[in-house]
Amino acid sequence: MDGTLLNEHHEVSDENRQAIKDAEKKGVKVVLSTGRSLKTAKDYVLSLELSSYLVTVNGSEIWGPDGELVERTPVATEHIQWMHDLSRQNNAKFWAISTENNWNNEMPEDVLSQEWLKFGFHIEEDAIREKVLKELEAKGFFEISNSSLVNIEVNAIGINKAKGLQKVCSLLGISMENVMAVGDSLNDIAMITEAGLGIAMGNAQETVKKAADDITGKNTENGVAQAIKKWVLS
């Protein structure tokens, strides 16, 4: 969503909205696959009147067409506590998503009392970010990605947007070969490479562009609408 469907004002442009409606009229299932939680994605889904599944928190949760929870894969609570400690040791900003709430630079008094889905670090300094990344990788417990060049996103190992879309495809009775995936960051790479057609945004990170089959316009230029018109509606 951010950096892809949404523009710089965190809004869905009229062009993107219309292209999605036109795709759905053709029988195409439009699925938002996002790093956001249901709490921060739901209003967009409702406003777009989407009729299909929703993949949230980088694949940690999958929601059905009627709003029902289909699947959830949490991060072990002790791993969340360790990452919170790691953020404090490195004086890093952080955020975390539990099944109950989104947390920004603060955590509940009893971390163990909640079920956790993702932890994120926001680190401007390259050297510190690399240090934290190496410590995360050394653990071997985590699926590591980003949604910008200055952050690190951590899910349970094996959980990503592609895994979420694979589950949706199995429920819809189609294969990933019939999927077009569009994204801009490292948390989009798995789905872009595994989809039949992977599209990078014009504002995407260079690694994502190299992994994609095609590049569309920027999120400020209705890039999603451009991709839908070129590959779905034409």
# chains A, B, ... in the order shown; residues from 1 in each chain; ligands from 1
>>> residues_around(residues="range 157-172 of chain A", least_positions_apart="4", cutoff="7 Å", atoms="only C-alpha atoms", output="ChimeraX atom specification")
/A:33,53,55,58-60,62,141-143,176,188,190-191,194
>>> closest_atom_pairs(of="range 92-184 of chain A", to="range 195-208 of chain A", cutoff="8 Å", atoms="only C-alpha atoms", output="JSON lines")
{"residue": "A:Leu149", "atom": "CA", "partner": "A:Gln205", "partner_atom": "CA", "distance": 7.8}
{"residue": "A:Ala162", "atom": "CA", "partner": "A:Ala195", "partner_atom": "CA", "distance": 7.9}
{"residue": "A:Met176", "atom": "CA", "partner": "A:Ala195", "partner_atom": "CA", "distance": 5.1}
{"residue": "A:Glu177", "atom": "CA", "partner": "A:Gly196", "partner_atom": "CA", "distance": 3.8}
{"residue": "A:Asn178", "atom": "CA", "partner": "A:Gly196", "partner_atom": "CA", "distance": 5.7}
{"residue": "A:Val179", "atom": "CA", "partner": "A:Ala195", "partner_atom": "CA", "distance": 5.3}
{"residue": "A:Met180", "atom": "CA", "partner": "A:Leu197", "partner_atom": "CA", "distance": 4.7}
{"residue": "A:Ala181", "atom": "CA", "partner": "A:Gly198", "partner_atom": "CA", "distance": 5.1}
{"residue": "A:Val182", "atom": "CA", "partner": "A:Ile199", "partner_atom": "CA", "distance": 4.7}
{"residue": "A:Gly183", "atom": "CA", "partner": "A:Ala200", "partner_atom": "CA", "distance": 5.3}
{"residue": "A:Asp184", "atom": "CA", "partner": "A:Ala204", "partner_atom": "CA", "distance": 3.9}
>>> residues_around(residues="Ile97 in chain A", least_positions_apart="5", cutoff="6 Å", atoms="only C-alpha atoms", output="list in words")
Asn102, Leu117 and Lys118 of chain A
>>> closest_residue(among="A:Thr73, A:Gln81, A:Gln89, A:Ser147", to="Leu112 in chain A", atoms="only C-alpha atoms")
A:Gln81
>>> select_by_dssp(residues="range 120-212 of chain A", states="strand (DSSP E)", output="PDB file with C-alpha atoms, in the first residue's frame")
ATOM      1  CA  GLY A 120      10.208  -3.072  13.046  1.00  0.00           C
ATOM      2  CA  PHE A 121      13.290  -0.903  13.498  1.00  0.00           C
ATOM      3  CA  HIS A 122      13.690   2.636  12.130  1.00  0.00           C
ATOM      4  CA  PHE A 142      13.339 -14.372  11.368  1.00  0.00           C
ATOM      5  CA  GLU A 143      12.010 -13.329   7.963  1.00  0.00           C
ATOM      6  CA  ILE A 144      13.755  -9.995   7.427  1.00  0.00           C
ATOM      7  CA  SER A 145      12.739  -7.300   4.929  1.00  0.00           C
ATOM      8  CA  ASN A 151      13.967   0.453   8.357  1.00  0.00           C
ATOM      9  CA  ILE A 152      14.040  -3.271   9.058  1.00  0.00           C
ATOM     10  CA  GLU A 153      10.875  -5.362   9.263  1.00  0.00           C
ATOM     11  CA  VAL A 154      10.853  -8.711  11.054  1.00  0.00           C
ATOM     12  CA  ASN A 155       8.272 -11.488  10.759  1.00  0.00           C
ATOM     13  CA  ALA A 156       8.314 -15.146  11.738  1.00  0.00           C
ATOM     14  CA  MET A 180       0.293  -9.806 -11.094  1.00  0.00           C
ATOM     15  CA  ALA A 181       2.058  -8.406  -8.031  1.00  0.00           C
ATOM     16  CA  VAL A 182       3.046  -4.733  -7.694  1.00  0.00           C
ATOM     17  CA  GLY A 183       5.345  -3.275  -5.043  1.00  0.00           C
ATOM     18  CA  LEU A 197       4.086 -11.064 -13.517  1.00  0.00           C
ATOM     19  CA  GLY A 198       6.074  -8.962 -11.053  1.00  0.00           C
ATOM     20  CA  ILE A 199       5.868  -5.181 -11.371  1.00  0.00           C
ATOM     21  CA  ALA A 200       8.084  -2.671  -9.578  1.00  0.00           C
TER      22      ALA A 200
END
>>> residues_around(residues="range 12-15 of chain A", least_positions_apart="6", cutoff="9 Å", atoms="only C-alpha atoms", output="list in words")
Leu5, Leu6, Tyr44, Leu48, Thr220, Asn222, Val224, Ala225 and Gln226 of chain A
>>> atom_distance(atom1="CA of Ser52 in chain A", atom2="CA of Ser175 in chain A")
15.6 Å
>>> residues_around(residues="Trp82 in chain A", least_positions_apart="4", cutoff="12 Å", atoms="only C-alpha atoms", output="CSV table (one decimal) with N, CA and C atoms, in the first residue's frame")
chain,number,residue,atom,x,y,z
A,75,VAL,N,4.9,-14.1,15.8
A,75,VAL,CA,6.3,-14.2,16.1
A,75,VAL,C,6.4,-14.6,17.6
A,76,ALA,N,7.3,-15.5,18.0
A,76,ALA,CA,7.4,-15.9,19.4
A,76,ALA,C,7.6,-14.7,20.3
A,77,THR,N,6.9,-14.7,21.4
A,77,THR,CA,6.9,-13.6,22.3
A,77,THR,C,8.3,-13.3,22.8
A,78,GLU,N,9.1,-14.3,23.1
A,78,GLU,CA,10.5,-14.1,23.6
A,78,GLU,C,11.4,-13.5,22.5
A,86,LEU,N,17.1,-5.2,21.9
A,86,LEU,CA,18.0,-4.9,20.9
A,86,LEU,C,17.8,-3.4,20.4
A,87,SER,N,16.6,-3.0,20.3
A,87,SER,CA,16.3,-1.6,19.9
A,87,SER,C,16.8,-0.6,20.9
A,88,ARG,N,16.6,-1.0,22.2
A,88,ARG,CA,17.0,-0.1,23.3
A,88,ARG,C,18.6,0.0,23.4
A,89,GLN,N,19.2,-1.2,23.2
A,89,GLN,CA,20.7,-1.2,23.2
A,89,GLN,C,21.3,-0.3,22.2
A,111,VAL,N,4.9,-7.5,28.0
A,111,VAL,CA,5.0,-7.9,26.6
A,111,VAL,C,4.5,-9.3,26.4
A,112,LEU,N,4.7,-10.2,27.4
A,112,LEU,CA,4.3,-11.6,27.3
A,112,LEU,C,2.8,-11.8,27.2
A,119,PHE,N,7.8,-7.0,14.2
A,119,PHE,CA,8.6,-6.0,14.9
A,119,PHE,C,9.4,-5.2,13.9
A,132,VAL,N,22.5,-4.0,13.6
A,132,VAL,CA,21.3,-4.6,14.0
A,132,VAL,C,20.8,-5.7,13.0
A,135,GLU,N,22.8,-8.9,13.6
A,135,GLU,CA,22.4,-9.6,14.8
A,135,GLU,C,21.1,-10.3,14.6
A,136,LEU,N,20.2,-9.7,13.8
A,136,LEU,CA,18.9,-10.4,13.5
A,136,LEU,C,19.2,-11.6,12.6
A,139,LYS,N,20.5,-14.8,14.3
A,139,LYS,CA,19.6,-15.6,15.1
A,139,LYS,C,19.0,-16.8,14.3
A,141,PHE,N,16.0,-17.0,13.2
A,141,PHE,CA,14.6,-17.2,13.5
A,141,PHE,C,13.6,-16.4,12.7
>>> residues_around(residues="Ser51 in chain A", least_positions_apart="6", cutoff="8 Å", atoms="only C-alpha atoms", output="ChimeraX atom specification")
/A:29-30,65
